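Chemist: Below is the file entry.txt, which contains compact mmCIF, C-alpha atoms and all ligand atoms.
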# COMPACT_ATOMS: atom_id res chain seq x y z
CA MET A 1 87.04 88.25 182.78
CA GLN A 2 88.17 86.41 185.86
CA LEU A 3 85.09 86.81 188.00
CA SER A 4 85.10 83.25 189.31
CA GLY A 5 88.12 83.77 191.53
CA THR A 6 87.19 87.23 192.74
CA LYS A 7 85.92 86.14 196.13
CA GLU A 8 89.00 84.02 196.84
CA LYS A 9 91.26 86.85 195.76
CA LEU A 10 89.50 89.34 197.99
CA GLU A 11 89.89 86.90 200.87
CA GLU A 12 93.58 86.62 200.13
CA PHE A 13 93.84 90.41 200.18
CA VAL A 14 92.16 90.53 203.58
CA ARG A 15 94.52 87.84 204.87
CA LYS A 16 97.61 89.68 203.61
CA CYS A 17 96.40 92.97 205.08
CA LYS A 18 96.06 91.30 208.47
CA GLU A 19 99.54 89.86 208.08
CA ILE A 20 101.12 93.26 207.55
CA GLY A 21 98.80 94.99 210.00
CA LEU A 22 96.95 97.10 207.47
CA LYS A 23 93.42 98.15 208.28
CA ILE A 24 90.87 96.75 205.88
CA THR A 25 88.35 99.33 204.81
CA PRO A 26 85.47 98.92 202.34
CA GLN A 27 87.17 101.50 200.10
CA ARG A 28 90.39 99.50 199.98
CA LEU A 29 88.49 96.33 199.16
CA ALA A 30 86.57 98.20 196.47
CA VAL A 31 89.83 99.34 194.83
CA TYR A 32 91.01 95.76 194.53
CA GLU A 33 87.62 94.55 193.40
CA VAL A 34 87.48 97.10 190.59
CA LEU A 35 90.88 95.93 189.42
CA LEU A 36 89.94 92.27 189.58
CA LYS A 37 86.87 92.88 187.47
CA SER A 38 88.60 95.03 184.93
CA THR A 39 90.36 93.66 181.89
CA ASN A 40 91.48 96.97 180.41
CA HIS A 41 94.38 97.73 182.75
CA PRO A 42 92.84 100.84 184.29
CA THR A 43 94.71 103.96 185.36
CA VAL A 44 94.53 105.26 188.93
CA GLU A 45 91.90 107.77 187.76
CA ASP A 46 89.78 105.05 186.11
CA ILE A 47 89.79 103.05 189.34
CA TYR A 48 89.01 106.17 191.36
CA GLU A 49 85.98 106.95 189.16
CA GLU A 50 84.65 103.41 189.59
CA VAL A 51 85.16 103.27 193.35
CA LYS A 52 83.54 106.70 193.71
CA LYS A 53 80.29 105.32 192.30
CA ARG A 54 79.99 103.13 195.38
CA TYR A 55 81.87 105.26 197.88
CA PRO A 56 81.35 108.92 196.92
CA TYR A 57 83.65 110.14 199.68
CA VAL A 58 86.70 108.11 198.71
CA SER A 59 89.76 110.23 197.94
CA LEU A 60 92.19 109.85 195.08
CA ALA A 61 94.97 109.64 197.67
CA THR A 62 93.32 106.57 199.24
CA VAL A 63 93.15 104.91 195.85
CA TYR A 64 96.83 105.71 195.22
CA ARG A 65 97.91 104.37 198.59
CA THR A 66 95.82 101.22 198.23
CA LEU A 67 97.35 100.53 194.83
CA GLU A 68 100.83 101.04 196.25
CA THR A 69 100.05 98.57 199.02
CA LEU A 70 98.60 96.03 196.61
CA GLU A 71 101.71 96.34 194.51
CA ARG A 72 103.99 95.97 197.52
CA ILE A 73 102.28 92.80 198.73
CA GLY A 74 102.38 91.41 195.21
CA LEU A 75 98.69 91.31 194.33
CA VAL A 76 98.80 93.74 191.43
CA LYS A 77 101.36 94.73 188.88
CA ARG A 78 101.97 98.15 187.49
CA VAL A 79 102.42 98.24 183.77
CA CYS A 80 103.95 101.26 182.07
CA PHE A 81 104.18 101.71 178.37
CA TRP A 82 105.56 104.42 176.24
CA GLY A 83 103.08 107.26 175.88
CA ASN A 84 100.69 105.89 178.48
CA SER A 85 100.33 106.72 182.14
CA ALA A 86 100.78 103.92 184.68
CA ARG A 87 98.18 101.19 184.34
CA TYR A 88 97.33 98.47 186.80
CA ASP A 89 96.94 94.77 186.21
CA ALA A 90 95.55 92.20 188.65
CA ASN A 91 96.30 89.35 186.27
CA LEU A 92 99.43 87.85 187.78
CA SER A 93 99.76 84.88 185.47
CA GLU A 94 102.37 85.19 182.75
CA HIS A 95 100.77 86.93 179.83
CA HIS A 96 101.45 89.41 177.07
CA HIS A 97 99.92 92.68 176.00
CA LEU A 98 98.33 94.05 172.89
CA ILE A 99 98.57 97.82 173.05
CA CYS A 100 96.68 100.30 170.89
CA GLU A 101 98.90 103.28 170.20
CA ARG A 102 95.96 105.49 169.44
CA CYS A 103 93.42 105.01 172.24
CA GLY A 104 95.72 103.34 174.77
CA LYS A 105 93.64 100.18 175.10
CA ILE A 106 95.66 97.32 176.59
CA GLU A 107 94.48 93.75 176.24
CA ASP A 108 95.88 90.54 177.69
CA VAL A 109 96.92 87.95 175.16
CA ASN A 110 98.59 84.58 175.18
CA LEU A 111 101.03 83.68 172.47
CA ASP A 112 101.10 80.32 170.71
CA GLN A 113 104.84 80.13 170.61
CA GLU A 114 106.99 80.16 173.70
CA ILE A 115 110.20 82.11 173.77
CA ASN A 116 112.95 80.28 175.57
CA ILE A 117 114.58 82.76 177.88
CA PRO A 118 117.68 81.28 179.53
CA LYS A 119 117.72 81.11 183.33
CA HIS A 120 120.87 83.20 183.20
CA PHE A 121 120.94 85.92 180.62
CA HIS A 122 123.50 88.72 180.24
CA GLY A 123 124.46 88.30 183.85
CA TYR A 124 120.84 88.35 185.07
CA ARG A 125 118.98 85.60 186.82
CA THR A 126 115.72 85.75 184.87
CA LYS A 127 112.20 85.44 186.29
CA GLY A 128 109.95 85.70 183.30
CA TYR A 129 109.14 87.76 180.27
CA SER A 130 106.33 89.72 178.77
CA VAL A 131 105.83 90.69 175.15
CA ASN A 132 104.27 94.02 174.19
CA ILE A 133 102.65 94.11 170.79
CA TYR A 134 101.88 97.60 169.50
CA GLY A 135 99.36 98.54 166.87
CA TYR A 136 95.86 99.85 166.34
CA CYS A 137 92.80 98.18 167.80
CA PRO A 138 89.83 97.31 165.54
CA LYS A 139 87.92 100.40 166.67
CA CYS A 140 90.81 102.73 165.86
CA GLN A 141 91.42 101.07 162.51
CA SER A 142 87.88 101.75 161.40
CA SER A 143 88.09 105.40 162.40
CA THR A 144 91.05 106.17 160.14
ZN ZN B 1 92.44 101.87 169.82
ZN ZN B 2 97.79 92.35 181.56
Taking this structure as input, can you express it in the form of structure tokens?
Modeler:
Amino acid sequence: MQLSGTKEKLEEFVRKCKEIGLKITPQRLAVYEVLLKSTNHPTVEDIYEEVKKRYPYVSLATVYRTLETLERIGLVKRVCFWGNSARYDANLSEHHHLICERCGKIEDVNLDQEINIPKHFHGYRTKGYSVNIYGYCPKCQSST
């Protein structure tokens, strides 16, 4: 959980919206807030269901558009894994993912060992890396 910085992050969102001339609505703020408070990399539908609890009249299209905007201004990342629909991540620090192949749970993890990725690699100028570790979560292991 990263609740401590939520207020600051929401303020940053408001500031960036003003910068690009985007109207700030309670629904848009709620979308970002749900993401900030979630650690399970929710899908668009998950976020929609959460926001709807507070704003029953919010539309799925609004949630989609808000996520697109957040992605464009660099406040969220979209993570896509084989077999899963697009998931959203508001954790922008470099981290890795543990992915359950059965229930689709995605958890953030840090690794003890660093991998040294060269600044220039196969003709690319590299920016960072992320490791995906696949397996079965404890819950799914006990249900086999
Ligand atoms: Zn699982
Ligand atoms: Zn993550």
Chemist: Any residue with an atom at most 6 Å from ligand ZN 2 (chain B) counts, using only C-alpha atoms and all ligand atoms. Which are they? Put them as number ranges by chain.
Modeler: A: 89, 91, 97, 108
Chemist: Given a cut-off of 10 Å, what residues near ligand ZN 1 (chain B) show up using all atoms listed in the file, put as a count of residues only?
Modeler: 17
Chemist: Please, what distance in Å, to one decimal, runs between atom CA of A:Lys18 and atom CA of A:Glu71?
Modeler: 15.9 Å
Chemist: Counting only C-alpha atoms, figure out which residue out of A:Lys7, A:Tyr55, A:Arg28, A:Val34 gets nearest to A:Glu68.
Modeler: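 Nearest to A:Glu68: A:Arg28.
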Chemist: With distances taken over only C-alpha atoms, which of A:Asp112, A:Glu50, A:Glu33, A:Glu19 is nearest to A:Ala90?
Modeler: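 Checking each of A:Asp112, A:Glu50, A:Glu33, A:Glu19 against A:Ala90, counting only C-alpha atoms, the winner is A:Glu33.
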Chemist: Can you measure atom CA of A:Val14 to atom CA of A:Cys80 for me? One decimal in Å is fine.
Modeler: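 Atom CA of A:Cys80 lies 26.8 Å from atom CA of A:Val14.
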Chemist: Which residues, written as a ChimeraX atom specification, have at least one atom at most 12 Å from A:Val51, with all atoms listed in the file counted and residues fewer than 3 positions away on the same chain left out?
Modeler: /A:26-35,44-48,54-60,62-63,66
Chemist: Around the point (96.0, 102.0, 206.6) (coordinates from the file), which residues reach within 10 Å if we count all atoms listed in the file? Answer as a ChimeraX atom specification.
Modeler: /A:17,21-25,28,62,65-66,69
